[in-house]
$ cat run28.csv   # CSV, C-alpha atoms (C1' of nucleotides)
chain,number,residue,atom,x,y,z
C,1,MET,CA,17.9,-9.4,114.2
C,2,ALA,CA,18.9,-7.1,111.4
C,3,THR,CA,17.0,-9.2,108.8
C,4,HIS,CA,16.6,-6.7,106.0
C,5,LYS,CA,13.1,-5.3,106.0
C,6,LYS,CA,14.2,-2.9,103.3
C,7,GLU,CA,12.4,-4.8,100.6
C,8,GLU,CA,9.1,-4.1,102.3
C,9,PHE,CA,9.3,-0.4,101.3
C,10,THR,CA,8.5,1.0,97.9
C,11,GLN,CA,11.1,1.0,95.1
C,12,LYS,CA,11.2,4.7,95.1
C,13,GLU,CA,11.8,4.8,98.8
C,14,GLN,CA,14.6,2.3,98.4
C,15,ASP,CA,16.1,4.2,95.5
C,16,LEU,CA,16.1,7.5,97.3
C,17,ALA,CA,17.6,5.8,100.4
C,18,ALA,CA,20.3,4.2,98.3
C,19,PHE,CA,21.2,7.6,96.7
C,20,ALA,CA,21.4,9.2,100.1
C,21,LYS,CA,23.5,6.3,101.4
C,22,ALA,CA,26.0,6.9,98.7
C,23,LEU,CA,26.4,10.5,99.9
C,24,ALA,CA,26.4,9.4,103.6
C,25,HIS,CA,30.1,9.6,104.2
C,26,PRO,CA,32.3,12.7,104.2
C,27,ALA,CA,35.0,10.9,102.1
C,28,ARG,CA,32.5,10.4,99.3
C,29,ILE,CA,31.2,14.0,99.5
C,30,ALA,CA,34.9,15.1,99.3
C,31,ILE,CA,35.5,12.8,96.3
C,32,LEU,CA,32.5,14.2,94.4
C,33,LYS,CA,33.6,17.7,95.2
C,34,VAL,CA,37.1,17.0,93.7
C,35,LEU,CA,35.6,15.3,90.7
C,36,ALA,CA,33.2,18.2,90.1
C,37,GLN,CA,36.0,20.8,90.4
C,38,GLN,CA,38.5,18.9,88.2
C,39,ASN,CA,35.8,17.7,85.8
C,40,GLU,CA,37.6,14.4,85.8
C,41,CYS,CA,40.3,12.8,87.9
C,42,ILE,CA,42.4,9.7,88.0
C,43,CYS,CA,42.2,7.6,91.2
C,44,GLY,CA,45.7,8.7,92.3
C,45,GLN,CA,44.8,12.3,92.3
C,46,ILE,CA,41.9,11.6,94.6
C,47,VAL,CA,44.1,9.5,96.9
C,48,ASP,CA,46.5,12.4,97.1
C,49,VAL,CA,44.0,14.8,98.5
C,50,LEU,CA,42.1,12.5,100.8
C,51,PRO,CA,43.4,11.4,104.3
C,52,LEU,CA,42.8,7.8,103.4
C,53,ALA,CA,44.7,4.8,102.1
C,54,GLN,CA,44.6,3.9,98.4
C,55,SER,CA,42.5,0.8,99.0
C,56,THR,CA,40.0,2.7,101.1
C,57,VAL,CA,39.6,5.4,98.4
C,58,SER,CA,39.2,2.7,95.8
C,59,GLN,CA,36.4,1.2,97.9
C,60,HIS,CA,34.6,4.5,98.2
C,61,LEU,CA,34.9,5.1,94.4
C,62,LYS,CA,33.4,1.6,93.9
C,63,GLU,CA,30.4,2.5,96.0
C,64,LEU,CA,29.9,5.8,94.2
C,65,LYS,CA,30.1,3.9,90.9
C,66,ASN,CA,27.7,1.2,92.1
C,67,ALA,CA,25.2,3.8,93.1
C,68,GLY,CA,25.6,5.2,89.6
C,69,LEU,CA,26.8,8.6,90.7
C,70,ILE,CA,30.2,8.5,88.9
C,71,ASN,CA,31.5,6.9,85.7
C,72,GLY,CA,34.9,5.3,85.3
C,73,THR,CA,37.0,4.9,82.3
C,74,ILE,CA,40.3,2.9,82.0
C,75,ASP,CA,43.1,4.9,80.6
C,76,GLY,CA,46.1,2.6,80.4
C,77,PRO,CA,47.1,1.6,83.9
C,78,ARG,CA,45.0,4.5,85.2
C,79,SER,CA,41.3,4.8,86.1
C,80,CYS,CA,39.6,8.1,85.2
C,81,TYR,CA,36.5,9.1,87.1
C,82,CYS,CA,33.9,11.7,86.5
C,83,ILE,CA,30.5,12.6,87.9
C,84,ASN,CA,27.4,11.2,86.3
C,85,TRP,CA,25.5,14.4,86.2
C,86,LYS,CA,22.5,12.8,84.6
C,87,ALA,CA,22.0,10.4,87.5
C,88,PHE,CA,22.7,13.2,89.9
C,89,GLU,CA,20.0,15.4,88.4
C,90,LYS,CA,17.6,12.5,88.4
C,91,PHE,CA,17.9,11.9,92.1
C,92,MET,CA,18.1,15.5,93.2
C,93,GLY,CA,15.0,16.1,91.0
C,94,GLU,CA,13.2,13.2,92.7
C,95,PHE,CA,14.0,14.5,96.1
C,96,ALA,CA,13.0,18.0,95.2
C,97,PHE,CA,9.7,16.6,93.7
C,98,LEU,CA,9.0,14.5,96.7
C,99,PHE,CA,9.5,17.3,99.1
C,100,ASN,CA,8.0,20.1,97.0
C,101,LYS,CA,4.9,18.1,96.4
C,102,LEU,CA,4.7,17.2,100.0
C,103,LYS,CA,5.3,20.7,101.0
C,104,VAL,CA,2.2,21.9,99.1
C,105,GLN,CA,0.2,19.2,100.7
C,106,ASN,CA,1.7,20.2,104.0
C,107,THR,CA,0.6,23.8,103.5
C,108,LYS,CA,-2.9,22.6,102.6
C,109,GLY,CA,-2.9,20.5,105.8
C,110,LEU,CA,-1.9,23.5,107.8
C,111,LEU,CA,-4.9,25.4,106.6
C,112,LEU,CA,-7.4,22.6,107.1
C,113,LYS,CA,-6.6,21.4,110.5
C,114,THR,CA,-5.2,23.4,113.4
C,115,ASN,CA,-5.6,21.2,116.4
C,116,ASN,CA,-3.1,23.1,118.5
C,117,LYS,CA,-3.6,21.5,121.8
C,118,LYS,CA,-1.3,22.5,124.7
C,119,ARG,CA,1.8,20.6,123.9
C,120,ARG,CA,5.3,21.0,125.2
C,121,LEU,CA,8.3,20.8,123.0
C,122,TYR,CA,11.1,18.4,123.9
E,1,MET,CA,40.5,-0.9,111.6
E,2,ALA,CA,37.5,1.3,111.3
E,3,THR,CA,39.0,4.1,113.3
E,4,HIS,CA,36.9,7.0,112.3
E,5,LYS,CA,38.7,9.3,109.9
E,6,LYS,CA,35.6,11.3,109.6
E,7,GLU,CA,37.0,14.2,111.7
E,8,GLU,CA,39.7,14.7,109.1
E,9,PHE,CA,37.2,16.1,106.6
E,10,THR,CA,35.7,19.6,106.6
E,11,GLN,CA,32.7,20.5,108.8
E,12,LYS,CA,30.6,21.1,105.8
E,13,GLU,CA,31.5,17.7,104.3
E,14,GLN,CA,30.6,16.1,107.6
E,15,ASP,CA,27.4,18.0,108.0
E,16,LEU,CA,26.2,17.1,104.5
E,17,ALA,CA,27.2,13.4,105.0
E,18,ALA,CA,25.2,13.4,108.3
E,19,PHE,CA,22.2,14.8,106.6
E,20,ALA,CA,22.4,12.2,103.9
E,21,LYS,CA,22.9,9.5,106.4
E,22,ALA,CA,19.6,10.4,108.1
E,23,LEU,CA,17.9,9.9,104.8
E,24,ALA,CA,19.8,6.7,104.0
E,25,HIS,CA,17.2,4.2,105.1
E,26,PRO,CA,13.8,3.6,103.3
E,27,ALA,CA,12.1,3.5,106.7
E,28,ARG,CA,13.2,7.1,107.4
E,29,ILE,CA,12.2,8.2,103.9
E,30,ALA,CA,8.8,6.6,104.5
E,31,ILE,CA,8.5,8.3,107.9
E,32,LEU,CA,9.3,11.7,106.4
E,33,LYS,CA,6.7,11.1,103.6
E,34,VAL,CA,4.0,10.3,106.1
E,35,LEU,CA,4.9,13.3,108.2
E,36,ALA,CA,4.8,15.6,105.2
E,37,GLN,CA,1.5,14.3,104.0
E,38,GLN,CA,-0.2,14.4,107.4
E,39,ASN,CA,1.6,17.6,108.5
E,40,GLU,CA,2.1,16.0,111.9
E,41,CYS,CA,1.7,12.5,113.3
E,42,ILE,CA,1.8,10.7,116.6
E,43,CYS,CA,4.3,7.9,116.8
E,44,GLY,CA,1.5,5.2,116.8
E,45,GLN,CA,0.2,6.4,113.4
E,46,ILE,CA,3.6,5.9,111.9
E,47,VAL,CA,4.1,2.5,113.5
E,48,ASP,CA,0.7,1.5,112.0
E,49,VAL,CA,1.8,2.2,108.4
E,50,LEU,CA,5.4,0.9,108.6
E,51,PRO,CA,6.4,-2.8,108.5
E,52,LEU,CA,8.5,-2.4,111.7
E,53,ALA,CA,8.1,-2.9,115.4
E,54,GLN,CA,7.3,0.0,117.6
E,55,SER,CA,10.7,0.1,119.2
E,56,THR,CA,12.4,0.1,115.8
E,57,VAL,CA,10.2,3.0,114.5
E,58,SER,CA,11.0,4.9,117.7
E,59,GLN,CA,14.7,4.5,117.0
E,60,HIS,CA,14.3,5.8,113.5
E,61,LEU,CA,12.4,8.7,114.8
E,62,LYS,CA,15.1,9.4,117.3
E,63,GLU,CA,17.7,9.4,114.5
E,64,LEU,CA,15.7,11.9,112.4
E,65,LYS,CA,15.3,14.1,115.5
E,66,ASN,CA,19.0,13.9,116.3
E,67,ALA,CA,19.7,14.9,112.7
E,68,GLY,CA,17.4,17.9,113.3
E,69,LEU,CA,15.1,16.9,110.4
E,70,ILE,CA,12.0,16.5,112.6
E,71,ASN,CA,10.6,18.1,115.8
E,72,GLY,CA,8.8,16.3,118.5
E,73,THR,CA,6.3,17.5,121.0
E,74,ILE,CA,4.8,15.6,123.9
E,75,ASP,CA,1.0,15.5,123.9
E,76,GLY,CA,-0.1,13.8,127.0
E,77,PRO,CA,1.0,10.2,126.8
E,78,ARG,CA,1.6,10.6,123.0
E,79,SER,CA,4.5,12.0,121.0
E,80,CYS,CA,3.7,14.2,118.1
E,81,TYR,CA,6.2,14.7,115.3
E,82,CYS,CA,6.5,17.0,112.4
E,83,ILE,CA,9.1,17.9,109.7
E,84,ASN,CA,11.5,20.6,110.5
E,85,TRP,CA,11.2,22.3,107.1
E,86,LYS,CA,13.8,25.0,108.0
E,87,ALA,CA,16.5,22.4,108.5
E,88,PHE,CA,15.4,20.6,105.4
E,89,GLU,CA,15.6,23.7,103.3
E,90,LYS,CA,19.0,24.5,104.8
E,91,PHE,CA,20.5,21.1,103.8
E,92,MET,CA,18.8,20.9,100.5
E,93,GLY,CA,20.0,24.4,99.7
E,94,GLU,CA,23.5,23.5,100.7
E,95,PHE,CA,23.5,20.5,98.5
E,96,ALA,CA,22.0,22.5,95.6
E,97,PHE,CA,24.6,25.2,96.1
E,98,LEU,CA,27.4,22.8,96.3
E,99,PHE,CA,26.5,21.0,93.1
E,100,ASN,CA,25.3,24.1,91.3
E,101,LYS,CA,28.5,25.9,92.0
E,102,LEU,CA,30.5,22.9,91.1
E,103,LYS,CA,28.5,22.4,87.9
E,104,VAL,CA,29.5,25.8,86.7
E,105,GLN,CA,33.1,25.1,87.4
E,106,ASN,CA,32.6,21.8,85.7
E,107,THR,CA,31.2,23.4,82.6
E,108,LYS,CA,34.2,25.8,82.6
E,109,GLY,CA,36.5,22.8,82.9
E,110,LEU,CA,34.9,21.2,80.0
E,111,LEU,CA,35.6,24.2,77.8
E,112,LEU,CA,39.2,24.6,79.0
E,113,LYS,CA,40.6,21.1,78.7
E,114,THR,CA,39.4,18.4,76.4
E,115,ASN,CA,42.1,15.7,76.8
E,116,ASN,CA,40.0,13.0,75.2
E,117,LYS,CA,42.4,10.2,74.9
E,118,LYS,CA,41.3,6.8,73.7
E,119,ARG,CA,39.7,5.5,76.8
E,120,ARG,CA,37.4,2.6,77.2
E,121,LEU,CA,34.4,2.7,79.5
E,122,TYR,CA,33.9,0.0,82.1
S,1,DA,C1',-4.3,2.9,143.9
S,2,DT,C1',-4.4,0.1,140.0
S,3,DC,C1',-4.9,-0.7,135.1
S,4,DT,C1',-4.3,0.8,130.5
S,5,DT,C1',-2.3,3.2,126.7
S,6,DA,C1',1.6,5.2,124.3
S,7,DT,C1',6.3,5.7,123.7
S,8,DA,C1',11.2,5.6,125.0
S,9,DT,C1',15.1,3.0,126.3
S,10,DC,C1',17.9,-1.2,127.3
S,11,DG,C1',20.2,-5.3,125.9
S,12,DC,C1',21.3,-8.3,122.6
S,13,DA,C1',22.1,-10.6,117.9
S,14,DA,C1',22.9,-10.2,113.2
S,15,DA,C1',24.2,-7.5,109.3
S,16,DT,C1',26.9,-3.7,107.2
S,17,DA,C1',30.2,-0.3,106.8
S,18,DT,C1',34.9,1.5,107.4
S,19,DA,C1',39.7,1.1,107.1
S,20,DC,C1',44.1,-0.8,106.0
S,21,DG,C1',47.9,-3.9,104.5
S,22,DA,C1',48.9,-7.4,101.4
S,23,DT,C1',48.2,-9.3,97.1
S,24,DT,C1',46.7,-9.4,92.3
S,25,DA,C1',46.2,-7.7,87.7
S,26,DA,C1',47.2,-5.1,83.8
S,27,DA,C1',49.6,-1.7,81.2
S,28,DT,C1',53.8,0.5,80.3
S,29,DA,C1',58.9,1.2,80.7
S,30,DA,C1',63.6,-0.5,80.9
M,1,DT,C1',61.7,-10.5,79.9
M,2,DT,C1',61.7,-8.1,84.0
M,3,DA,C1',60.7,-4.1,86.7
M,4,DT,C1',57.6,-0.4,87.7
M,5,DT,C1',53.4,2.1,88.1
M,6,DT,C1',48.5,2.3,89.0
M,7,DA,C1',44.5,0.7,90.7
M,8,DA,C1',41.3,-3.2,92.1
M,9,DT,C1',40.4,-6.9,95.2
M,10,DC,C1',41.0,-10.0,99.3
M,11,DG,C1',41.3,-10.8,104.0
M,12,DT,C1',40.7,-9.1,108.4
M,13,DA,C1',39.7,-6.2,112.5
M,14,DT,C1',36.7,-3.0,114.5
M,15,DA,C1',32.7,0.0,114.6
M,16,DT,C1',28.1,1.1,113.4
M,17,DT,C1',23.5,0.1,112.0
M,18,DT,C1',19.3,-2.4,112.1
M,19,DG,C1',15.8,-4.9,114.4
M,20,DC,C1',13.3,-6.8,118.1
M,21,DG,C1',11.5,-8.3,122.6
M,22,DA,C1',11.5,-6.9,127.2
M,23,DT,C1',11.4,-3.3,130.4
M,24,DA,C1',10.8,1.4,132.1
M,25,DT,C1',8.2,5.6,132.2
M,26,DA,C1',4.6,8.7,132.2
M,27,DA,C1',-0.1,10.3,131.5
M,28,DG,C1',-4.9,9.0,131.8
M,29,DA,C1',-8.7,6.0,132.9
M,30,DT,C1',-11.2,3.1,136.2
$ encode --input "run28.csv" --output "structure tokens"
Amino acid sequence: MATHKKEEFTQKEQDLAAFAKALAHPARIAILKVLAQQNECICGQIVDVLPLAQSTVSQHLKELKNAGLINGTIDGPRSCYCINWKAFEKFMGEFAFLFNKLKVQNTKGLLLKTNNKKRRLY
Amino acid sequence: MATHKKEEFTQKEQDLAAFAKALAHPARIAILKVLAQQNECICGQIVDVLPLAQSTVSQHLKELKNAGLINGTIDGPRSCYCINWKAFEKFMGEFAFLFNKLKVQNTKGLLLKTNNKKRRLY
DNA sequence: ATCTTATATCGCAAATATACGATTAAATAA
DNA sequence: TTATTTAATCGTATATTTGCGATATAAGAT
């Protein structure tokens, strides 16, 4: 059964996965793109440029907000969103760090062991 | 209904989302970490360090392979996996480009318009 | 040829995600 | 006050993901 095993991984692994998950839908990528270009947007503007219903866009915005990637302010009857660049940099940095660090180790590994047996690609 | 609207977004948006989706599970983050540290691993080594059944790990490996993030070679009765750094750099680069570019535009936007109305955070 | 080892795949159950219309809520306009 | 505008939330249907045991497959060992 799909009994969440997610807790059995490290916090950092879970955090990175959660960040990636927030980006794992084209609609949310598109929303972030719009927000970045416009600096800030009200919900309606985003609804106008996406091929989705208002309720669906609202849901995607909620997910982005829950993941901490965007901030929302209430402006009268409107909701104004903008990218949380700080959070973004934090996660991108963690990713870069993770994979830069690993790449160095990887290079080292390449030098140390070269057990290139006959092996066919698939 | 959940009738996929994904096709209605740009190819680049879909590609980035697909890349993110491949990273959107702690097990897959953990697998990539192990692969990067060891340079290459046979499936069994990964199964040993993850809190998941062999069939589940195999599935996660398949997803990473389908996303193009890892390569697999058959070594006798074993399967040997390694990270596809090229693909990784491509996607990380695209992300960095997307958000660097947008950040510049964002900064410009900040200078141009500063309609800071009273607005409460939520 | 049979047994063992290593891994992929199948089939299924449970959990999540996606999408939308309808409704609610809250601020402003008439 | 009532109507309108804007966005969040609810309820629901469907699709996808996650996870595992069982089975299949394929190479090696006995």
$ interface_residues --input "run28.csv" --of "chain E" --to "chain S" --cutoff "9 Å" --atoms "all atoms listed in the file" --output "tab-separated table (two decimals) with C-alpha atoms, keeping the file's coordinate frame"
chain	number	residue	atom	x	y	z
E	1	MET	CA	40.50	-0.90	111.60
E	2	ALA	CA	37.50	1.30	111.30
E	3	THR	CA	39.00	4.10	113.30
E	4	HIS	CA	36.90	7.00	112.30
E	5	LYS	CA	38.70	9.30	109.90
E	43	CYS	CA	4.30	7.90	116.80
E	44	GLY	CA	1.50	5.20	116.80
E	54	GLN	CA	7.30	0.00	117.60
E	55	SER	CA	10.70	0.10	119.20
E	58	SER	CA	11.00	4.90	117.70
E	59	GLN	CA	14.70	4.50	117.00
E	77	PRO	CA	1.00	10.20	126.80
E	78	ARG	CA	1.60	10.60	123.00
E	79	SER	CA	4.50	12.00	121.00
$ closest_residue --input "run28.csv" --among "E:Lys33, E:Lys12, E:Arg28, E:Lys90" --to "E:Leu52" --atoms "all atoms listed in the file"
E:Arg28
$ atom_distance --input "run28.csv" --atom1 "atom CA of C:Asp48" --atom2 "atom CA of C:Ile74"
18.9 Å
$ interface_residues --input "run28.csv" --of "chain M" --to "chain C" --cutoff "10 Å" --atoms "all atoms listed in the file" --output "JSON, numbers by chain"
{"M": [5, 6, 7, 8, 9, 17, 18, 19, 20]}
